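These notes are about the structure you will find just below.
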Amino acid sequence: MTKITAAITAVGKYVPEYVLTNKELESYVETNDEWITSRTGIKERRILKGEGLGTSFMAIKASEDLIKKSNIDPKEIDLVIVATATPDLPIASTAAYVATEIGATNAFGYDLQAACSSFLYGMSTASAYIASGRYKKVLLIGADKMSSIIDYSDRATCIIFGDGAGAVLFEPNNEGLGLQDEYLRSDGIGRDFLRIEAGGSQMPTTAETVANKKHFVYQEGKTVFKYAVSNMADVAEKMLTRNNLTEPDIQWLVAHQANKRIIEATAKRVGVPAEKVMINIHKYGNTTSATLPLLLADYESQLKKGDNLIFAAFGGGFTWGAAYLKWGYNS
Ligand code: UT7
């Protein structure tokens, strides 16, 4: 019997219209375009404006883009996973709502949270469902409305993050395409350095937590940077050595877009030249769970069936990992 692999067969994306430039940020905090560009590679990010619009709004739009482009019937979707750190509501799965709104009425849906590694972990989950033979169409969406949890008077975080969503469809493949290998890690020491302190079970919301700005993202940037550089590079390198791959075998490095310097360090370690490194951080900043699928959507026209892609991500928790995937189609 041929082994079933899980291939990506379609992608879709959505970014909000509003462009928050480095120039505009200069009017909120003591910063400047030169500092932001040289330290992060970010020029602008997208912000979702509009009362009552949450992460599901962008997840639905990205899914609709995928459905329209691929011509699939949403009723055939078995499972909808929304990888997100910013669900619409603390209780009530965002994915269940998204599934209903896109007409995936035969699907079940749930959210997956692993900060900036949510989508990478989601690729593992979606692929495992497909490889098990139990499900045929799994829609994995990475979506985050980071602007809902950012303090725009904190220059250490507000310059980095943006909003967006990307969606991919996983389907069974019998040509050996799709996810080949993965190496996923976590380390709980990380929660001291990147977190939202209040609003969870450990520190429920009070007037005091709100007054003390405990519901915004806190990041000790330097420490996170150090861990991100060494860990992302380590796991990406492991994907190559474990699969006997060398630079000519790799067509694309698909790395989480947190900081251009972290992406470059990862590329250097695995020996991949700049032209093989997907990059869109200059346009969107760090969209947390959406960075990887947004890259796939932006580079879709350049991807060819059978291309070898190395994914790598690092985020709060800490959570991190890498994956090796063979691209599933020509667009
Ligand atoms: O996606 C999840 C994982 N997250 C990451 O991977 C992010 C990792 N961290 C980073 O990307 C970087 O640490 C940052 C971009 C957040 C910060 O860059 P950095 O090069 O680590 O800067 P720093 O925090 O070491 O600050 C250097 C200097 C400081 O001034 P002094 O003490 O040297 O006088 C800061 O106060 O830059 C100052 N600074 C700023 N200056 C202008 C910090 N933020 C800003 C700012 N504009 N926005």
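Every chain in the structure tokens takes a letter, A first, then B, and so on in the order presented; its residues are numbered from 1, and the ligands are numbered from 1 following the presented order.
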
Would you mind listing, for every residue of chain A within 9 Å of ligand 1, the two atoms forming the shortest contact and the distance between them in Å to one decimal, using only C-alpha atoms and all ligand atoms, sorted by chain and ascending residue number, as a tab-separated table?
residue	atom	partner	partner_atom_place_in_ligand_line	distance
A:Leu25	CA	ligand 1	48 (N)	8.8
A:Glu26	CA	ligand 1	47 (N)	8.6
A:Val29	CA	ligand 1	48 (N)	7.5
A:Glu30	CA	ligand 1	47 (N)	6.1
A:Thr31	CA	ligand 1	47 (N)	3.6
A:Asn32	CA	ligand 1	47 (N)	5.9
A:Asp33	CA	ligand 1	47 (N)	8.3
A:Glu34	CA	ligand 1	42 (C)	8.7
A:Trp35	CA	ligand 1	42 (C)	5.5
A:Ile36	CA	ligand 1	48 (N)	6.2
A:Ser38	CA	ligand 1	20 (O)	8.8
A:Arg39	CA	ligand 1	20 (O)	5.4
A:Thr40	CA	ligand 1	15 (C)	5.3
A:Ala115	CA	ligand 1	2 (C)	7.4
A:Cys116	CA	ligand 1	1 (O)	5.3
A:Ser117	CA	ligand 1	2 (C)	8.3
A:Asp154	CA	ligand 1	48 (N)	8.1
A:Arg155	CA	ligand 1	48 (N)	4.3
A:Ala156	CA	ligand 1	44 (N)	4.5
A:Thr157	CA	ligand 1	16 (C)	6.5
A:Cys158	CA	ligand 1	48 (N)	7.6
A:Ile159	CA	ligand 1	48 (N)	5.9
A:Ile160	CA	ligand 1	15 (C)	6.9
A:Phe161	CA	ligand 1	1 (O)	8.5
A:Leu194	CA	ligand 1	3 (C)	7.7
A:Gln219	CA	ligand 1	16 (C)	7.4
A:Glu220	CA	ligand 1	13 (O)	7.2
A:Gly221	CA	ligand 1	13 (O)	3.5
A:Lys222	CA	ligand 1	13 (O)	4.1
A:Thr223	CA	ligand 1	13 (O)	7.1
A:Val224	CA	ligand 1	8 (C)	4.8
A:Phe225	CA	ligand 1	8 (C)	3.7
A:Lys226	CA	ligand 1	8 (C)	7.5
A:Tyr227	CA	ligand 1	6 (O)	8.1
A:Ala228	CA	ligand 1	6 (O)	5.5
A:Val229	CA	ligand 1	6 (O)	7.9
A:His256	CA	ligand 1	1 (O)	7.3
A:Gln257	CA	ligand 1	1 (O)	7.1
A:Ala258	CA	ligand 1	1 (O)	4.5
A:Asn259	CA	ligand 1	11 (O)	4.8
A:Lys260	CA	ligand 1	11 (O)	8.1
A:Arg261	CA	ligand 1	11 (O)	7.8
A:Ile262	CA	ligand 1	6 (O)	7.1
A:Asn286	CA	ligand 1	1 (O)	6.4
A:Thr287	CA	ligand 1	1 (O)	8.2
A:Thr288	CA	ligand 1	1 (O)	6.0
A:Ala313	CA	ligand 1	1 (O)	8.2
A:Phe314	CA	ligand 1	3 (C)	5.8
A:Gly315	CA	ligand 1	2 (C)	4.1
A:Gly316	CA	ligand 1	2 (C)	6.0
A:Phe318	CA	ligand 1	3 (C)	8.7

Inset, instruction - Fewer than 4 positions away in the same chain doesn't count, so skip those; otherwise give me all residues within 10 Å of Tyr129 (chain A), counting only C-alpha atoms, as a PyMOL selection string. - result: chain A and resi 6+79+124-125+133-138+170-172

If you keep N, CA and C atoms, can you produce a file of those selected residues as a short mmCIF file (atom, residue, chain, number, x, y, z; two decimals), in the first residue's frame?
data_model
loop_
_atom_site.label_atom_id
_atom_site.label_comp_id
_atom_site.auth_asym_id
_atom_site.auth_seq_id
_atom_site.Cartn_x
_atom_site.Cartn_y
_atom_site.Cartn_z
N ALA A 6 0.70 14.22 3.39
CA ALA A 6 -0.23 15.36 3.45
C ALA A 6 0.38 16.52 2.69
N LEU A 79 -12.22 19.48 8.40
CA LEU A 79 -11.72 20.07 9.64
C LEU A 79 -11.16 21.46 9.36
N SER A 124 1.86 20.31 11.53
CA SER A 124 2.07 18.96 12.04
C SER A 124 0.72 18.29 12.32
N THR A 125 -0.18 19.03 13.00
CA THR A 125 -1.49 18.49 13.37
C THR A 125 -2.31 18.16 12.12
N GLY A 133 -5.44 8.89 7.40
CA GLY A 133 -6.44 8.37 6.48
C GLY A 133 -7.87 8.70 6.88
N ARG A 134 -8.05 9.33 8.03
CA ARG A 134 -9.41 9.59 8.52
C ARG A 134 -10.06 10.80 7.89
N TYR A 135 -9.25 11.79 7.46
CA TYR A 135 -9.82 13.01 6.88
C TYR A 135 -9.12 13.34 5.56
N LYS A 136 -9.89 13.96 4.67
CA LYS A 136 -9.37 14.20 3.31
C LYS A 136 -9.07 15.68 3.02
N LYS A 137 -9.73 16.56 3.74
CA LYS A 137 -9.49 17.99 3.50
C LYS A 137 -9.43 18.73 4.83
N VAL A 138 -8.24 19.21 5.16
CA VAL A 138 -8.06 19.97 6.40
C VAL A 138 -7.62 21.38 6.04
N PHE A 170 -4.73 21.15 3.29
CA PHE A 170 -3.95 19.91 3.26
C PHE A 170 -4.84 18.79 2.71
N GLU A 171 -4.28 18.03 1.75
CA GLU A 171 -5.02 16.88 1.19
C GLU A 171 -4.07 15.68 1.06
N PRO A 172 -4.64 14.47 0.99
CA PRO A 172 -3.79 13.28 0.84
C PRO A 172 -3.08 13.28 -0.51
#

Legend entry - A:Ala233, A:Leu240, A:Ile47, A:Ser201 ranked by distance to Ser147 (chain A), top pick (using only C-alpha atoms):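 The closest residue to Ser147 (chain A) is A:Ile47.
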
Legend entry - Residue contacts of Asn212 (chain A) (12 Å, only C-alpha atoms) excluding same-chain residues fewer than 5 positions away, as a PyMOL selection string: chain A and resi 151+197-198+205-207

For the residues selected in the previous step, produce a file with N, CA and C atoms as a tab-separated table (two decimals), in the first residue's frame.
chain	number	residue	atom	x	y	z
A	151	ASP	N	0.35	47.55	23.07
A	151	ASP	CA	0.32	48.87	23.71
A	151	ASP	C	1.06	49.84	22.78
A	197	GLU	N	0.55	39.00	30.73
A	197	GLU	CA	0.51	38.51	32.10
A	197	GLU	C	-0.91	38.23	32.63
A	198	ALA	N	-1.84	39.09	32.26
A	198	ALA	CA	-3.17	38.98	32.87
A	198	ALA	C	-4.25	38.58	31.87
A	205	THR	N	-8.70	39.05	35.01
A	205	THR	CA	-8.85	40.49	34.78
A	205	THR	C	-9.46	41.20	35.99
A	206	THR	N	-8.81	42.29	36.39
A	206	THR	CA	-9.37	43.15	37.43
A	206	THR	C	-9.16	44.60	36.97
A	207	ALA	N	-9.76	45.53	37.68
A	207	ALA	CA	-9.55	46.94	37.32
A	207	ALA	C	-8.06	47.28	37.41

Legend entry - For Ala62 (chain A), the nearest of the candidates A:Ala312, A:Leu112, A:Ala126, A:Ala165, counting only C-alpha atoms: A:Ala165

Legend entry - region 171-320 of chain A: residues DSSP assigns to alpha helix (DSSP H), reported as a ChimeraX atom specification: /A:207-211,221-242,260-270,281-284,291-299

Grab the residues selected above and save them as a compact mmCIF listing (two decimals), in the first residue's frame with N, CA and C atoms.
# COMPACT_ATOMS: atom_id res chain seq x y z
N ALA A 207 -9.76 45.53 37.68
CA ALA A 207 -9.55 46.94 37.32
C ALA A 207 -8.06 47.28 37.41
N GLU A 208 -7.39 46.63 38.37
CA GLU A 208 -5.96 46.89 38.57
C GLU A 208 -5.12 46.36 37.41
N THR A 209 -5.44 45.16 36.93
CA THR A 209 -4.64 44.60 35.82
C THR A 209 -4.80 45.47 34.57
N VAL A 210 -5.99 46.01 34.40
CA VAL A 210 -6.22 46.89 33.24
C VAL A 210 -5.43 48.19 33.42
N ALA A 211 -5.54 48.79 34.62
CA ALA A 211 -4.84 50.05 34.89
C ALA A 211 -3.33 49.89 34.73
N GLY A 221 13.04 41.91 24.46
CA GLY A 221 13.48 41.68 23.08
C GLY A 221 14.84 41.04 22.91
N LYS A 222 15.81 41.55 23.64
CA LYS A 222 17.19 41.07 23.50
C LYS A 222 17.30 39.57 23.80
N THR A 223 16.65 39.15 24.91
CA THR A 223 16.71 37.74 25.32
C THR A 223 15.99 36.87 24.30
N VAL A 224 14.80 37.31 23.89
CA VAL A 224 14.05 36.52 22.90
C VAL A 224 14.85 36.41 21.61
N PHE A 225 15.47 37.50 21.22
CA PHE A 225 16.29 37.53 20.01
C PHE A 225 17.38 36.46 20.06
N LYS A 226 18.07 36.40 21.20
CA LYS A 226 19.18 35.44 21.35
C LYS A 226 18.69 34.00 21.22
N TYR A 227 17.60 33.70 21.94
CA TYR A 227 17.04 32.34 21.86
C TYR A 227 16.53 32.03 20.45
N ALA A 228 15.89 33.03 19.83
CA ALA A 228 15.30 32.81 18.50
C ALA A 228 16.40 32.49 17.48
N VAL A 229 17.46 33.27 17.50
CA VAL A 229 18.55 33.06 16.54
C VAL A 229 19.15 31.66 16.68
N SER A 230 19.51 31.28 17.90
CA SER A 230 20.20 29.99 18.02
C SER A 230 19.25 28.81 17.81
N ASN A 231 18.04 28.92 18.35
CA ASN A 231 17.12 27.77 18.24
C ASN A 231 16.56 27.57 16.84
N MET A 232 16.21 28.67 16.17
CA MET A 232 15.67 28.51 14.82
C MET A 232 16.72 27.96 13.87
N ALA A 233 17.93 28.45 14.02
CA ALA A 233 19.02 27.97 13.17
C ALA A 233 19.31 26.49 13.45
N ASP A 234 19.31 26.12 14.73
CA ASP A 234 19.58 24.72 15.10
C ASP A 234 18.58 23.76 14.45
N VAL A 235 17.29 24.07 14.58
CA VAL A 235 16.28 23.12 14.09
C VAL A 235 16.24 23.10 12.55
N ALA A 236 16.47 24.27 11.95
CA ALA A 236 16.48 24.30 10.48
C ALA A 236 17.64 23.45 9.95
N GLU A 237 18.78 23.59 10.61
CA GLU A 237 19.95 22.80 10.21
C GLU A 237 19.68 21.30 10.39
N LYS A 238 18.98 20.98 11.47
CA LYS A 238 18.65 19.58 11.74
C LYS A 238 17.79 18.98 10.62
N MET A 239 16.87 19.80 10.07
CA MET A 239 16.03 19.30 8.97
C MET A 239 16.88 18.88 7.78
N LEU A 240 17.93 19.69 7.52
CA LEU A 240 18.79 19.37 6.37
C LEU A 240 19.62 18.12 6.64
N THR A 241 20.30 18.08 7.79
CA THR A 241 21.20 16.95 8.04
C THR A 241 20.42 15.65 8.17
N ARG A 242 19.29 15.72 8.88
CA ARG A 242 18.50 14.50 9.11
C ARG A 242 17.91 13.93 7.81
N LYS A 260 14.21 40.63 10.54
CA LYS A 260 15.01 40.28 9.35
C LYS A 260 16.36 39.71 9.75
N ARG A 261 16.91 40.21 10.85
CA ARG A 261 18.24 39.73 11.28
C ARG A 261 18.18 38.27 11.74
N ILE A 262 17.05 37.86 12.35
CA ILE A 262 16.90 36.45 12.77
C ILE A 262 16.77 35.56 11.53
N ILE A 263 16.02 36.03 10.55
CA ILE A 263 15.83 35.25 9.30
C ILE A 263 17.18 35.08 8.60
N GLU A 264 17.95 36.17 8.54
CA GLU A 264 19.25 36.11 7.86
C GLU A 264 20.22 35.17 8.59
N ALA A 265 20.16 35.19 9.92
CA ALA A 265 21.05 34.30 10.69
C ALA A 265 20.69 32.83 10.43
N THR A 266 19.40 32.55 10.34
CA THR A 266 18.95 31.17 10.07
C THR A 266 19.40 30.75 8.67
N ALA A 267 19.23 31.66 7.70
CA ALA A 267 19.62 31.35 6.32
C ALA A 267 21.13 31.08 6.24
N LYS A 268 21.89 31.88 6.98
CA LYS A 268 23.35 31.73 6.96
C LYS A 268 23.75 30.36 7.50
N ARG A 269 23.12 29.97 8.63
CA ARG A 269 23.48 28.69 9.25
C ARG A 269 23.20 27.51 8.31
N VAL A 270 22.06 27.56 7.58
CA VAL A 270 21.77 26.44 6.68
C VAL A 270 22.39 26.64 5.30
N ILE A 281 8.47 40.59 5.58
CA ILE A 281 8.41 41.32 6.86
C ILE A 281 8.35 42.84 6.64
N HIS A 282 8.96 43.32 5.56
CA HIS A 282 8.95 44.77 5.29
C HIS A 282 7.53 45.29 5.07
N LYS A 283 6.64 44.41 4.59
CA LYS A 283 5.26 44.85 4.27
C LYS A 283 4.28 44.64 5.42
N TYR A 284 4.50 43.55 6.20
CA TYR A 284 3.48 43.17 7.18
C TYR A 284 3.96 43.14 8.63
N THR A 291 2.43 34.58 9.65
CA THR A 291 3.62 34.87 8.82
C THR A 291 3.88 33.77 7.78
N LEU A 292 3.83 32.51 8.20
CA LEU A 292 4.20 31.43 7.26
C LEU A 292 3.19 31.30 6.11
N PRO A 293 1.86 31.25 6.39
CA PRO A 293 0.94 31.14 5.25
C PRO A 293 0.91 32.39 4.37
N LEU A 294 1.19 33.56 4.95
CA LEU A 294 1.26 34.78 4.11
C LEU A 294 2.45 34.69 3.16
N LEU A 295 3.55 34.11 3.63
CA LEU A 295 4.71 33.92 2.75
C LEU A 295 4.33 33.00 1.59
N LEU A 296 3.67 31.88 1.92
CA LEU A 296 3.29 30.92 0.88
C LEU A 296 2.37 31.57 -0.15
N ALA A 297 1.45 32.41 0.34
CA ALA A 297 0.51 33.07 -0.58
C ALA A 297 1.26 34.08 -1.46
N ASP A 298 2.17 34.83 -0.86
CA ASP A 298 2.90 35.85 -1.63
C ASP A 298 3.85 35.23 -2.66
N TYR A 299 4.38 34.04 -2.36
CA TYR A 299 5.34 33.39 -3.26
C TYR A 299 4.73 32.27 -4.09

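You will find CA of Asp249 (chain A) at 24.5 Å from CA of Ala131 (chain A).
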
Inset, instruction - Please identify all polymer residues within 8 Å of Gly12 (chain A), counting only C-alpha atoms, omitting same-chain residues fewer than 4 positions from it, and present them as number ranges by chain. - result: A: 62-67, 69, 166-168, 293, 297

Could you write out that same residue set with N, CA and C atoms as a short mmCIF file (atom, residue, chain, number, x, y, z; two decimals), in the first residue's frame?
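Now in out-v7.cif:
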data_model
loop_
_atom_site.label_atom_id
_atom_site.label_comp_id
_atom_site.auth_asym_id
_atom_site.auth_seq_id
_atom_site.Cartn_x
_atom_site.Cartn_y
_atom_site.Cartn_z
N ALA A 62 -9.39 35.11 4.27
CA ALA A 62 -8.30 34.29 3.71
C ALA A 62 -8.84 32.96 3.20
N SER A 63 -9.77 32.38 3.94
CA SER A 63 -10.36 31.09 3.53
C SER A 63 -11.18 31.27 2.26
N GLU A 64 -11.93 32.37 2.19
CA GLU A 64 -12.74 32.62 0.99
C GLU A 64 -11.85 32.81 -0.24
N ASP A 65 -10.70 33.45 -0.03
CA ASP A 65 -9.74 33.62 -1.13
C ASP A 65 -9.27 32.24 -1.61
N LEU A 66 -8.94 31.37 -0.66
CA LEU A 66 -8.48 30.01 -1.01
C LEU A 66 -9.59 29.24 -1.75
N ILE A 67 -10.79 29.33 -1.23
CA ILE A 67 -11.92 28.58 -1.82
C ILE A 67 -12.18 29.05 -3.26
N LYS A 69 -10.05 30.59 -5.32
CA LYS A 69 -8.95 30.25 -6.22
C LYS A 69 -8.92 28.77 -6.58
N GLY A 166 -3.53 33.94 6.74
CA GLY A 166 -3.25 33.10 5.57
C GLY A 166 -3.88 31.74 5.79
N ALA A 167 -4.26 31.07 4.71
CA ALA A 167 -4.91 29.77 4.84
C ALA A 167 -4.28 28.78 3.86
N VAL A 168 -4.16 27.53 4.28
CA VAL A 168 -3.70 26.47 3.37
C VAL A 168 -4.62 25.26 3.51
N PRO A 293 1.86 31.25 6.39
CA PRO A 293 0.94 31.14 5.25
C PRO A 293 0.91 32.39 4.37
N ALA A 297 1.45 32.41 0.34
CA ALA A 297 0.51 33.07 -0.58
C ALA A 297 1.26 34.08 -1.46
#

Legend entry - Distance of CA of Thr246 (chain A) from CA of Asn173 (chain A), expressed in Å to one decimal place: 24.8 Å

Legend entry - Pick from A:Asp73, A:Asp307, A:Asp187, A:Glu175 nearest to Asn106 (chain A), counting only C-alpha atoms: A:Asp73

Legend entry - Nearest candidate to Gly103 (chain A) (options A:Gly176, A:Pro74, A:Gly41, A:Pro90; using only C-alpha atoms): A:Pro74
